[in-house]
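> Here you go, one structure.
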Amino acid sequence: MLSQIIDISYLIAVVLFVLGIKYMGHPDSARKGNLMAAAGMALAVLATFFTPGLNNIGLSLAGIAVGSVVGWLMSNRIKMTDMPQMVSFFNGMGGAAAALIAIAEVYSIYHGSDMGAVALMLVSPTSTFYFYFAALLVSLVIGGVSFTGSIVAMGKLQGFVSGKSVRWPMQKLTNNGLLVIIAALSVLFFFIGEGNEMVIYIILALSLLFGVLFVMPIGGADMPVVISLLNSFTGLTAATTGLLFDNKVMLMGGVLVGSAGFLLTVLMCKAMNRSLLAVLLGAFNSGSGAASDREIDTTYREISLSDASILLAYARKVVIIPGYGLAVAQAQHVVHELEKLLESKGVEVKYGIHPVAGRMPGHMNVLLAESDVSYEKLIEMEKINDDFPQTDVVVVIGANDVVNPAAELDPASPIYGMPILQADRAQNIIVIKRSMSAGYAGIENELFYNPKTRMLFGDAKAALAKLVEAVKAL
């Protein structure tokens with residue numbers, strides 16, 4: 001009877017997970033979806049404590065208490081600009097948990113009380129043996145890669161690890177060779193008898209190293225793809241850990257996270273014009289490798305607040321393109337105020353959203369939804385690009401690489417081939433930016449030197465606030 005109640009609780013939890021993901025697909029219902037998924041997880045954890053034969057309940061409760069306090073404090077203190085770093089950190093902790101569980105299982109197998117049975121199983125392995133250790137190895141390897149890879153990704157986003165693509169001689173050979181060694185040792189594990197405990201620890205060490213080497217060559221412009229991919233890795237480890245313990249809700253939860261992360265990775269690859277194989281092999285920011293022979297006039301033009309306000313107030317159609325600089329300046333509320341002010345003057349205002357603007361998938365959508373910008377005004381790249389020729393003014397706020405024409409024009413550019421918001425097709429372009437510095441990809445933005453572009457220098461929040469006042473004065 002008790003086991004049936006637990007199974008029903010797990011089923012309800014999985015349904016809540018599915019509904020949570022569905023509702024999180026729209027900003028208007030995202031909060032409800034998040035609460036539903038959290039309720040599902042709480043139910044799953046509660047039901048697990050009633051599992052017959054469960055040990056170390058006190059220690060488990062202490063761990064939950066500590067984790068809950070830390071999570072609560074981090075979620076309340078984290079800035080919206082630092083959200084991608086927190087996502088990477090939490091994702092890494094999920095991978096670390098899977099790897100530690102696998103190691104605990106290994107230790108229990110080789111140092112537990114049933115060593116006689118284990119020795120017999122190693123000498124005469126069964127299909128159950130192969131299935132069990134295959135799941136254990138996946139949790140160990142992918143968990144280790146996800147942990148160190150996510151921590152390096154967090155470091156790149158936070159700035160204490162270089163955000164540029166860090167490469168070394170024979171980098172691809174090193175990474176791919178290390179991956180082959182891990183795979184070979186994993187296969188060898190099944191055929192070398194009782195001495196294979198040390199192989200497990202060697203595999204873990206190499207997996208941790210591979211996670212670092214896998215992410216280091218990846219530049220900042222490709223970071224959203226990496227975050228999504230590592231998230232799918234962690235989901236996979238949760239699923240295999242569920243197999244290890246025959247825990248249905250952990251298995252299904254891991255499948256949901258892994259598949260959702262994988263699908264998002266495919267969408268991000270499409271948005272970045274990368275193949276999934278290139279992602280897996282670390283072939284990021286490759287460009288053509290040739291030196292660019294294109295000559296660009298690097299003369300830029302500035303615009304005053306007065307001229308910018310007149311240009312906006314008397315336009316018929318304005319498209320705002322937000323980027324990471326908007327998030328850094330916490331200017332989402334001010335830009336919403338500008339939007340409402342322009343609309344009161346009869347101006348049509350929309351937002352052009354690039355799939356990888358910011359530092360993680362959906363960053364701009366979440367940021368603007370926080371300031372109550374209507375979801376219907378957030379137009380994806382594929383749709384908004386057709387509107388630019390009929391747009392009177394494009395306002396680029398803190399965006400850089402996602403509007404850089406070099407992605408379409410310069411085969412030598414590291415972002416060549418990446419679909420962009422074609423802001424250069426608009427009638428007028430205003431760029432609000434602190435300086436002429438390069439974006440996260442570390443390259444010049446050719447849009448800044450377009451004859452139709454005018455630069456409005458300053459902090460995004462301060463500049464927009466002054467622009468709001470100037471428009472009001474008209």
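Residue numbers start at 1 in each chain; chains themselves are named A, B, ... in the order of the structure tokens; ligands are numbered from 1 in the order shown.
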Report the residues of range 287-426 of chain A whose backbone DSSP state falls under alpha helix (DSSP H), written as a PDB file with C-alpha atoms, in the first residue's frame.

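In the end it all went to result_35.pdb:
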ATOM      1  CA  LEU A 305      19.567  64.122 -26.661  1.00  0.00           C
ATOM      2  CA  SER A 306      17.502  66.834 -28.321  1.00  0.00           C
ATOM      3  CA  ASP A 307      17.947  65.409 -31.820  1.00  0.00           C
ATOM      4  CA  ALA A 308      17.357  61.852 -30.604  1.00  0.00           C
ATOM      5  CA  SER A 309      14.113  62.847 -28.845  1.00  0.00           C
ATOM      6  CA  ILE A 310      12.806  64.612 -31.958  1.00  0.00           C
ATOM      7  CA  LEU A 311      13.722  61.665 -34.165  1.00  0.00           C
ATOM      8  CA  LEU A 312      11.852  59.264 -31.881  1.00  0.00           C
ATOM      9  CA  ALA A 313       8.836  61.434 -31.072  1.00  0.00           C
ATOM     10  CA  TYR A 324      23.351  42.721 -22.155  1.00  0.00           C
ATOM     11  CA  GLY A 325      24.203  46.403 -21.593  1.00  0.00           C
ATOM     12  CA  LEU A 326      20.528  47.033 -20.824  1.00  0.00           C
ATOM     13  CA  ALA A 327      20.646  44.331 -18.159  1.00  0.00           C
ATOM     14  CA  VAL A 328      23.886  45.662 -16.657  1.00  0.00           C
ATOM     15  CA  GLN A 332      14.422  47.716 -18.322  1.00  0.00           C
ATOM     16  CA  HIS A 333      11.931  49.855 -16.401  1.00  0.00           C
ATOM     17  CA  VAL A 334      13.104  53.096 -18.017  1.00  0.00           C
ATOM     18  CA  VAL A 335      12.926  51.634 -21.513  1.00  0.00           C
ATOM     19  CA  HIS A 336       9.356  50.536 -20.781  1.00  0.00           C
ATOM     20  CA  GLU A 337       8.599  54.115 -19.731  1.00  0.00           C
ATOM     21  CA  LEU A 338      10.045  55.389 -23.014  1.00  0.00           C
ATOM     22  CA  GLU A 339       7.955  52.846 -24.897  1.00  0.00           C
ATOM     23  CA  LYS A 340       4.714  53.997 -23.234  1.00  0.00           C
ATOM     24  CA  LEU A 341       5.601  57.659 -23.779  1.00  0.00           C
ATOM     25  CA  LEU A 342       6.232  57.149 -27.499  1.00  0.00           C
ATOM     26  CA  GLU A 343       3.006  55.186 -27.864  1.00  0.00           C
ATOM     27  CA  SER A 344       1.103  58.062 -26.267  1.00  0.00           C
ATOM     28  CA  HIS A 363      17.619  36.556 -20.997  1.00  0.00           C
ATOM     29  CA  MET A 364      16.035  39.597 -22.668  1.00  0.00           C
ATOM     30  CA  ASN A 365      12.519  38.146 -22.540  1.00  0.00           C
ATOM     31  CA  VAL A 366      12.778  37.618 -18.782  1.00  0.00           C
ATOM     32  CA  LEU A 367      14.347  41.040 -18.236  1.00  0.00           C
ATOM     33  CA  LEU A 368      11.631  42.922 -20.138  1.00  0.00           C
ATOM     34  CA  ALA A 369       8.814  40.837 -18.672  1.00  0.00           C
ATOM     35  CA  GLU A 370      10.082  41.940 -15.255  1.00  0.00           C
ATOM     36  CA  MET A 381      14.485  37.819 -34.935  1.00  0.00           C
ATOM     37  CA  GLU A 382      12.979  35.887 -37.849  1.00  0.00           C
ATOM     38  CA  LYS A 383       9.833  38.035 -37.815  1.00  0.00           C
ATOM     39  CA  ILE A 384      11.243  41.449 -36.936  1.00  0.00           C
ATOM     40  CA  ALA A 406      30.148  41.344 -40.034  1.00  0.00           C
ATOM     41  CA  ALA A 407      28.221  38.149 -39.289  1.00  0.00           C
ATOM     42  CA  GLU A 408      26.799  38.388 -42.811  1.00  0.00           C
ATOM     43  CA  LEU A 409      29.565  40.210 -44.666  1.00  0.00           C
TER      44      LEU A 409
END
> Show me, as a tab-separated table (two decimals) with C-alpha atoms, in the first residue's frame, the residues that have an atom within 12 Å of range 267-271 of chain A when counting only C-alpha atoms, minus same-chain residues fewer than 5 positions from it.

chain	number	residue	atom	x	y	z
A	221	ALA	CA	29.34	34.93	-27.96
A	222	ASP	CA	28.64	31.19	-27.91
A	223	MET	CA	28.03	30.95	-24.16
A	224	PRO	CA	24.20	30.64	-24.39
A	225	VAL	CA	24.65	27.44	-26.42
A	226	VAL	CA	27.07	26.05	-23.86
A	227	ILE	CA	24.78	26.79	-20.91
A	228	SER	CA	21.92	25.02	-22.66
A	229	LEU	CA	24.08	22.02	-23.58
A	260	ALA	CA	14.24	20.16	-22.88
A	261	GLY	CA	17.88	21.21	-22.64
A	262	PHE	CA	18.75	19.26	-25.77
A	276	LEU	CA	25.38	20.34	-32.94
A	277	LEU	CA	28.43	18.27	-33.87
A	278	ALA	CA	30.52	21.46	-33.88
A	279	VAL	CA	29.24	22.20	-30.38
A	280	LEU	CA	30.12	18.72	-29.12
A	283	ALA	CA	34.37	23.96	-32.85
A	284	PHE	CA	33.22	27.38	-31.71
A	353	ILE	CA	14.69	39.93	-29.62
A	354	HIS	CA	17.67	37.85	-30.71
A	355	PRO	CA	17.56	34.25	-29.37
A	356	VAL	CA	21.00	34.56	-27.77
A	357	ALA	CA	20.97	38.23	-26.71
A	360	MET	CA	21.71	32.86	-21.61
A	361	PRO	CA	18.69	31.79	-23.67
A	362	GLY	CA	15.66	34.02	-23.03
A	380	GLU	CA	11.66	37.24	-32.48
A	381	MET	CA	14.49	37.82	-34.93
A	382	GLU	CA	12.98	35.89	-37.85
A	402	VAL	CA	23.69	40.26	-32.37
A	415	ILE	CA	30.73	35.30	-35.77
A	417	GLY	CA	27.24	32.91	-40.39
A	418	MET	CA	25.42	33.78	-37.18
A	419	PRO	CA	21.93	35.12	-37.97
A	420	ILE	CA	21.60	38.70	-36.69
A	421	LEU	CA	18.98	41.37	-36.18
> List every residue of range 198-442 of chain A that DSSP, applied to the backbone of this structure, assigns to strand (DSSP E or B), and report them as a VMD selection string.
chain A and resid 302 317 to 322 348 to 353 378 to 380 393 to 397 428 to 433
> Write out, as a CSV table (one decimal), in the first residue's frame, the residues just selected, with N, CA and C atoms.

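Output contents, as saved in selection-v6.csv:
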chain,number,residue,atom,x,y,z
A,302,GLU,N,27.9,61.1,-33.6
A,302,GLU,CA,27.2,61.2,-32.4
A,302,GLU,C,25.9,61.9,-32.6
A,317,LYS,N,7.3,54.4,-36.7
A,317,LYS,CA,7.6,53.0,-36.2
A,317,LYS,C,9.0,53.0,-35.6
A,318,VAL,N,9.1,52.5,-34.4
A,318,VAL,CA,10.4,52.4,-33.7
A,318,VAL,C,10.6,50.9,-33.2
A,319,VAL,N,11.7,50.4,-33.4
A,319,VAL,CA,12.1,49.1,-32.9
A,319,VAL,C,13.2,49.2,-31.9
A,320,ILE,N,13.1,48.7,-30.7
A,320,ILE,CA,14.1,48.7,-29.7
A,320,ILE,C,14.8,47.4,-29.6
A,321,ILE,N,16.1,47.4,-29.7
A,321,ILE,CA,16.9,46.1,-29.6
A,321,ILE,C,17.7,46.1,-28.3
A,322,PRO,N,17.2,45.3,-27.3
A,322,PRO,CA,18.0,45.2,-26.1
A,322,PRO,C,19.1,44.2,-26.1
A,348,GLU,N,4.4,53.6,-33.1
A,348,GLU,CA,4.3,52.1,-32.9
A,348,GLU,C,5.7,51.6,-32.4
A,349,VAL,N,5.7,50.9,-31.3
A,349,VAL,CA,7.0,50.5,-30.7
A,349,VAL,C,6.9,49.0,-30.5
A,350,LYS,N,8.0,48.4,-31.0
A,350,LYS,CA,8.2,46.9,-30.8
A,350,LYS,C,9.6,46.7,-30.3
A,351,TYR,N,9.9,45.5,-29.8
A,351,TYR,CA,11.2,45.1,-29.4
A,351,TYR,C,11.7,43.9,-30.3
A,352,GLY,N,12.9,44.1,-30.8
A,352,GLY,CA,13.5,43.0,-31.6
A,352,GLY,C,14.4,42.1,-30.7
A,353,ILE,N,14.0,40.8,-30.6
A,353,ILE,CA,14.7,39.9,-29.6
A,353,ILE,C,15.5,38.9,-30.4
A,378,LEU,N,7.3,41.7,-27.9
A,378,LEU,CA,8.6,41.0,-28.0
A,378,LEU,C,8.7,40.2,-29.3
A,379,ILE,N,9.3,40.7,-30.3
A,379,ILE,CA,9.2,40.0,-31.6
A,379,ILE,C,10.5,39.3,-31.9
A,380,GLU,N,10.5,38.0,-32.2
A,380,GLU,CA,11.7,37.2,-32.5
A,380,GLU,C,12.4,37.7,-33.8
A,393,VAL,N,13.1,54.3,-37.0
A,393,VAL,CA,14.2,54.4,-36.0
A,393,VAL,C,14.4,53.1,-35.3
A,394,VAL,N,15.6,52.6,-35.3
A,394,VAL,CA,16.0,51.4,-34.5
A,394,VAL,C,16.8,52.0,-33.3
A,395,VAL,N,16.5,51.6,-32.1
A,395,VAL,CA,17.3,52.0,-30.9
A,395,VAL,C,18.0,50.8,-30.4
A,396,VAL,N,19.3,50.7,-30.5
A,396,VAL,CA,20.1,49.6,-30.0
A,396,VAL,C,20.6,49.9,-28.6
A,397,ILE,N,20.2,49.2,-27.6
A,397,ILE,CA,20.6,49.5,-26.2
A,397,ILE,C,21.4,48.4,-25.7
A,428,ASN,N,16.9,54.9,-39.8
A,428,ASN,CA,17.8,55.6,-38.8
A,428,ASN,C,18.1,54.6,-37.7
A,429,ILE,N,19.4,54.8,-37.2
A,429,ILE,CA,19.8,53.9,-36.1
A,429,ILE,C,20.4,54.7,-35.0
A,430,ILE,N,19.9,54.5,-33.8
A,430,ILE,CA,20.5,55.2,-32.6
A,430,ILE,C,21.1,54.1,-31.7
A,431,VAL,N,22.3,54.2,-31.3
A,431,VAL,CA,23.0,53.2,-30.5
A,431,VAL,C,23.3,53.8,-29.2
A,432,ILE,N,22.7,53.3,-28.1
A,432,ILE,CA,23.0,53.8,-26.7
A,432,ILE,C,24.1,52.9,-26.1
A,433,LYS,N,25.3,53.4,-25.8
A,433,LYS,CA,26.4,52.6,-25.4
A,433,LYS,C,27.3,53.5,-24.6
> With only C-alpha atoms as the basis for distance, which of A:Ala62, A:Met252, A:Ala134, A:Met216 is at the shortest distance from Leu188 in chain A?
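Residue with the minimum atom-to-atom distance to Leu188 in chain A: A:Ala134.
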> Give me the residues near range 94-107 of chain A as an mmCIF file with N, CA and C atoms, in the first residue's frame, where near means some atom within 9 Å (using only C-alpha atoms) and where sequence neighbours in that chain fewer than 2 positions away do not count.

data_model
loop_
_atom_site.group_PDB
_atom_site.id
_atom_site.type_symbol
_atom_site.label_atom_id
_atom_site.label_comp_id
_atom_site.auth_asym_id
_atom_site.auth_seq_id
_atom_site.Cartn_x
_atom_site.Cartn_y
_atom_site.Cartn_z
ATOM 1 N N PHE A 89 26.072 27.969 -12.151
ATOM 2 C CA PHE A 89 26.523 27.432 -10.867
ATOM 3 C C PHE A 89 25.606 26.316 -10.380
ATOM 4 N N PHE A 90 24.292 26.566 -10.396
ATOM 5 C CA PHE A 90 23.348 25.547 -9.949
ATOM 6 C C PHE A 90 23.403 24.313 -10.844
ATOM 7 N N ASN A 91 23.588 24.543 -12.131
ATOM 8 C CA ASN A 91 23.702 23.420 -13.061
ATOM 9 C C ASN A 91 24.936 22.584 -12.732
ATOM 10 N N GLY A 92 26.031 23.271 -12.414
ATOM 11 C CA GLY A 92 27.257 22.569 -12.035
ATOM 12 C C GLY A 92 27.083 21.758 -10.767
ATOM 13 N N ILE A 109 30.132 -0.493 -3.292
ATOM 14 C CA ILE A 109 30.299 -1.775 -3.976
ATOM 15 C C ILE A 109 31.595 -2.458 -3.567
ATOM 16 N N TYR A 110 32.686 -1.672 -3.528
ATOM 17 C CA TYR A 110 33.997 -2.278 -3.292
ATOM 18 C C TYR A 110 34.383 -2.358 -1.815
ATOM 19 N N HIS A 111 33.670 -1.637 -0.957
ATOM 20 C CA HIS A 111 34.041 -1.639 0.458
ATOM 21 C C HIS A 111 32.848 -1.926 1.362
ATOM 22 N N GLY A 112 31.733 -2.385 0.785
ATOM 23 C CA GLY A 112 30.550 -2.716 1.572
ATOM 24 C C GLY A 112 30.662 -4.099 2.189
ATOM 25 N N LEU A 136 26.016 3.912 -14.082
ATOM 26 C CA LEU A 136 26.928 4.534 -13.130
ATOM 27 C C LEU A 136 28.003 5.347 -13.848
ATOM 28 N N LEU A 137 28.548 4.788 -14.926
ATOM 29 C CA LEU A 137 29.602 5.491 -15.668
ATOM 30 C C LEU A 137 29.085 6.750 -16.336
ATOM 31 N N SER A 139 26.603 8.632 -15.260
ATOM 32 C CA SER A 139 26.453 9.614 -14.184
ATOM 33 C C SER A 139 27.805 10.195 -13.792
ATOM 34 N N LEU A 140 28.808 9.326 -13.736
ATOM 35 C CA LEU A 140 30.143 9.752 -13.321
ATOM 36 C C LEU A 140 30.777 10.680 -14.349
ATOM 37 N N VAL A 141 30.783 10.263 -15.613
ATOM 38 C CA VAL A 141 31.471 11.016 -16.665
ATOM 39 C C VAL A 141 30.741 12.318 -16.981
ATOM 40 N N ILE A 142 29.458 12.210 -17.297
ATOM 41 C CA ILE A 142 28.703 13.401 -17.679
ATOM 42 C C ILE A 142 28.555 14.350 -16.492
ATOM 43 N N GLY A 143 28.376 13.797 -15.294
ATOM 44 C CA GLY A 143 28.301 14.635 -14.098
ATOM 45 C C GLY A 143 29.582 15.408 -13.868
ATOM 46 N N GLY A 144 30.727 14.750 -14.036
ATOM 47 C CA GLY A 144 32.006 15.431 -13.876
ATOM 48 C C GLY A 144 32.220 16.514 -14.910
ATOM 49 N N VAL A 145 31.895 16.216 -16.170
ATOM 50 C CA VAL A 145 32.034 17.206 -17.251
ATOM 51 C C VAL A 145 31.110 18.390 -17.003
ATOM 52 N N SER A 146 29.868 18.099 -16.602
ATOM 53 C CA SER A 146 28.896 19.163 -16.353
ATOM 54 C C SER A 146 29.334 20.053 -15.199
ATOM 55 N N PHE A 147 29.927 19.454 -14.169
ATOM 56 C CA PHE A 147 30.361 20.233 -13.001
ATOM 57 C C PHE A 147 31.466 21.220 -13.363
ATOM 58 N N THR A 148 32.591 20.710 -13.850
ATOM 59 C CA THR A 148 33.713 21.621 -14.139
ATOM 60 C C THR A 148 33.399 22.527 -15.327
ATOM 61 N N SER A 150 30.461 23.742 -16.167
ATOM 62 C CA SER A 150 29.566 24.809 -15.701
ATOM 63 C C SER A 150 30.303 25.833 -14.852
ATOM 64 N N GLU A 197 38.421 -0.812 -9.570
ATOM 65 C CA GLU A 197 37.977 0.339 -8.781
ATOM 66 C C GLU A 197 38.796 1.580 -9.117
ATOM 67 N N ILE A 200 37.778 3.607 -12.141
ATOM 68 C CA ILE A 200 36.645 4.514 -11.947
ATOM 69 C C ILE A 200 37.143 5.896 -11.534
ATOM 70 N N TYR A 201 38.093 5.942 -10.602
ATOM 71 C CA TYR A 201 38.595 7.232 -10.118
ATOM 72 C C TYR A 201 39.406 7.952 -11.199
ATOM 73 N N LEU A 204 36.905 9.531 -13.487
ATOM 74 C CA LEU A 204 36.354 10.751 -12.896
ATOM 75 C C LEU A 204 37.324 11.916 -13.063
ATOM 76 N N LEU A 230 25.108 22.150 -21.370
ATOM 77 C CA LEU A 230 25.479 21.630 -20.060
ATOM 78 C C LEU A 230 24.243 21.331 -19.220
ATOM 79 N N PHE A 233 23.112 18.012 -20.220
ATOM 80 C CA PHE A 233 24.004 17.016 -19.630
ATOM 81 C C PHE A 233 23.569 16.675 -18.201
ATOM 82 N N THR A 234 23.279 17.710 -17.419
ATOM 83 C CA THR A 234 22.880 17.491 -16.030
ATOM 84 C C THR A 234 21.565 16.722 -15.960
ATOM 85 N N GLY A 235 20.644 17.029 -16.874
ATOM 86 C CA GLY A 235 19.393 16.270 -16.927
ATOM 87 C C GLY A 235 19.647 14.803 -17.206
ATOM 88 N N THR A 237 22.343 13.091 -16.421
ATOM 89 C CA THR A 237 22.897 12.456 -15.216
ATOM 90 C C THR A 237 21.806 12.194 -14.183
ATOM 91 N N ALA A 238 20.827 13.100 -14.091
ATOM 92 C CA ALA A 238 19.709 12.869 -13.167
ATOM 93 C C ALA A 238 18.923 11.621 -13.583
ATOM 94 N N THR A 240 20.082 8.963 -15.352
ATOM 95 C CA THR A 240 20.859 7.746 -15.091
ATOM 96 C C THR A 240 20.974 7.463 -13.599
ATOM 97 N N THR A 241 21.013 8.525 -12.779
ATOM 98 C CA THR A 241 21.016 8.321 -11.328
ATOM 99 C C THR A 241 19.690 7.715 -10.879
ATOM 100 N N LEU A 244 19.971 4.120 -11.441
ATOM 101 C CA LEU A 244 20.796 3.468 -10.429
ATOM 102 C C LEU A 244 19.973 3.096 -9.197
#
> For the atom pair CA of Pro169 in chain A and CA of Ile203 in chain A, what is the interatomic distance in Å to one decimal place?
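Computing the Euclidean distance for CA of Pro169 in chain A and CA of Ile203 in chain A yields 23.9 Å.
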> What gap, in Å, lies between CA of Ala47 in chain A and CA of Val255 in chain A?
19.5 Å
> Mind giving me the straight-line distance from CA of Ala42 in chain A to CA of Ile21 in chain A in Å, one decimal?
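Straight-line distance from CA of Ala42 in chain A to CA of Ile21 in chain A works out to 15.9 Å.
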> Which is closer to Gln171 in chain A than all the others in A:Ser29, A:Ile218, A:Val373, A:Met198, using only C-alpha atoms?
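Of A:Ser29, A:Ile218, A:Val373, A:Met198, the one nearest Gln171 in chain A, counting only C-alpha atoms, is A:Ile218.
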> Using only C-alpha atoms for the distances, tell me which of A:Asn76, A:Gln330, A:Ser88, A:Ser304 is nearest to Leu467 in chain A.
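Counting only C-alpha atoms, the residue closest to Leu467 in chain A is A:Ser304.
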> Measuring between only C-alpha atoms, which one of A:Val152, A:Leu2, A:Leu251, A:Leu263 shows the shortest distance to Leu209 in chain A?
A:Val152
